[in-house]
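Enquirer: First, the structure itself, so that you have it in front of you.
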Amino acid sequence: MAISPLQLLRPRQLPESIYVEIINDLFSATPSIVVFMVSQCVIGTVIFLETGDRTILGLTLLAVLVSAERIWMIHRYHRTAEGRKLSRDEAAGWERQFAIRSVATAVVVSATGVRCFILPDPAVHMLIVGVISTYAAGTVTRVAYRPRLALINLFIVAIPPSIACMAHGGLIYISLGLVTLIFLIGAFDIIQHAYDTAISQLSLKRRFAGLAQRDALTGLANRLGLSENLETVIAEAQRGGHGLAVHSLDLDRFKAANDLYGHPAGDAILKEVARRLTRLTRASDLLVRLGGDEFVLVQTGVAEREQAIGLASRIVEDIGNYYTINGYTIEIGTSVGIALLTDEDLAPEDLLARADQALYQAKRTRSGYAVYTVAPHLVPSPADGDDFQDHHAVNRRTVNSR
């Protein structure tokens, strides 16, 4: 397939998770930048000592300064991204910072190459050809998954020195300049292949990770999915100042229905429960089947306690509606325990434990749902001093008829 630079320069919209991971990979380049800085310092110093050219010395110092600033930028990135997932906009901002400094490095290398070919010493020419070739190879391998940036760097670092090389005169220098430009054209295909391979691998990685975090029966997130995502959801809620509620629920009388009508009927009930719960949630919520008849729903954007209670009430009502399975009409119920995110510094497992304790209280009192704890400024203290708040007792019975 023919590859053109215009095709590589055309922007391609990637899923946010893949894009953020690609940007994160960009900022793992500290070792290669350190190697470049040291080698540029050594070679620039040697050329200056051999030629006494102060322009080379100045470009060498500039290369060291740019490299040091890039290393500091990478440190700032990792400090910012530590323990949380960046948004697309944040990742795009960091990509712009990386691109500016990467292009600045390419400009310094290119200017050094042009200056070296102006000098008459063939040994200097040999050294700078090695520098340019190494830098170009590093660009192809480290930056290929941002093809526009890779191509811009290659154009900057290859074309001006190639022109200066050919202007030096002589068949060897003209040939060297032309071969460099030919290699530049060949890099288009290498970058395209490296980019496509990286995107394909990341897509497969995300797909398999998603499958590992999904419950095979209901299609909901599973226990691993909850473990992987709950901390992120809590962190985002805390950063945005938004409330959050964890609803822990299990099904009442499900085991009796499963034993009476068989596992296929039980599976059908669980699928329908998952469908009804999905209908009650929003895209930003996290819905999980922990296993058996246990579910967790993480409700985001909870501005006040009544929102969590309202959702729990709808869950109890909706799950308690009849199920028609294989000609049987089956009625089950559910109990919901609610834990609201407060100003306390709670770990995800602590929030889940509170929801489980509220669930136990709801089942013990047959109240349908119970709230474990809430933010003090959102609800008055209970008159009886009990942490649990019980509401709207629900007393249902199982009706199984043919």
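Chain identifiers are assigned as A, B, and so on, following the order in which chains appear in the structure tokens; residues are numbered from 1 within each chain, and ligands are numbered from 1 in order of appearance.
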If you run DSSP over the backbone, which residues in region 181-357 of chain A end up alpha helix (DSSP H)? Put them as a ChimeraX atom specification.

Expert: /A:181-212,223-240,254-261,263-280,305-319,348-357

Enquirer: Show which residues sit within 12 Å of Arg223 (chain A), as a VMD selection string. Count only C-alpha atoms, and ignore same-chain residues fewer than 4 positions away.

Expert: chain A and resid 212 to 216 227 to 230 286 to 292 294 to 297 352

Enquirer: Between CA of Gly241 (chain A) and CA of Val302 (chain A), measure the distance and give it in Å to one decimal.

Expert: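 CA of Gly241 (chain A) sits 10.1 Å away from CA of Val302 (chain A).
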
Enquirer: Would you give me, as JSON lines, each residue of region 7-118 of chain A having an atom within 12 Å of an atom of region 168-175 of chain A, along with its shortest atom pair and that distance in Å to one decimal, using only C-alpha atoms and sorting by chain and residue number?

Expert:
{"residue": "A:Val114", "atom": "CA", "partner": "A:His168", "partner_atom": "CA", "distance": 10.3}
{"residue": "A:Arg115", "atom": "CA", "partner": "A:His168", "partner_atom": "CA", "distance": 11.2}
{"residue": "A:Cys116", "atom": "CA", "partner": "A:His168", "partner_atom": "CA", "distance": 10.5}
{"residue": "A:Phe117", "atom": "CA", "partner": "A:His168", "partner_atom": "CA", "distance": 6.8}
{"residue": "A:Ile118", "atom": "CA", "partner": "A:His168", "partner_atom": "CA", "distance": 7.0}

Enquirer: Run DSSP on the backbone and give me the residues of region 156-313 of chain A it puts in strand (DSSP E), as a ChimeraX atom specification.

Expert: /A:244-252,286-291,294-300

Enquirer: Keeping only C-alpha atoms, write those residues as an mmCIF file, in the first residue's frame.

Expert:
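In the end it all went to result.cif:
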data_model
loop_
_atom_site.group_PDB
_atom_site.id
_atom_site.type_symbol
_atom_site.label_atom_id
_atom_site.label_comp_id
_atom_site.auth_asym_id
_atom_site.auth_seq_id
_atom_site.Cartn_x
_atom_site.Cartn_y
_atom_site.Cartn_z
ATOM 1 C CA LEU A 244 -21.389 9.506 45.093
ATOM 2 C CA ALA A 245 -23.458 6.641 46.485
ATOM 3 C CA VAL A 246 -22.695 2.924 46.567
ATOM 4 C CA HIS A 247 -25.759 0.674 46.468
ATOM 5 C CA SER A 248 -25.132 -2.900 47.600
ATOM 6 C CA LEU A 249 -28.011 -5.258 46.849
ATOM 7 C CA ASP A 250 -28.916 -8.891 46.653
ATOM 8 C CA LEU A 251 -32.089 -10.635 45.617
ATOM 9 C CA ASP A 252 -34.647 -11.863 48.122
ATOM 10 C CA LEU A 286 -20.897 1.713 37.502
ATOM 11 C CA LEU A 287 -23.090 -1.392 37.623
ATOM 12 C CA VAL A 288 -21.515 -4.640 38.826
ATOM 13 C CA ARG A 289 -22.557 -8.232 39.390
ATOM 14 C CA LEU A 290 -20.324 -9.517 42.161
ATOM 15 C CA GLY A 291 -21.499 -13.106 41.735
ATOM 16 C CA GLU A 294 -25.224 -9.948 44.546
ATOM 17 C CA PHE A 295 -24.953 -6.641 42.712
ATOM 18 C CA VAL A 296 -23.316 -3.263 43.320
ATOM 19 C CA LEU A 297 -24.389 0.006 41.721
ATOM 20 C CA VAL A 298 -22.130 3.043 42.069
ATOM 21 C CA GLN A 299 -24.292 6.120 41.527
ATOM 22 C CA THR A 300 -22.391 9.245 40.454
#
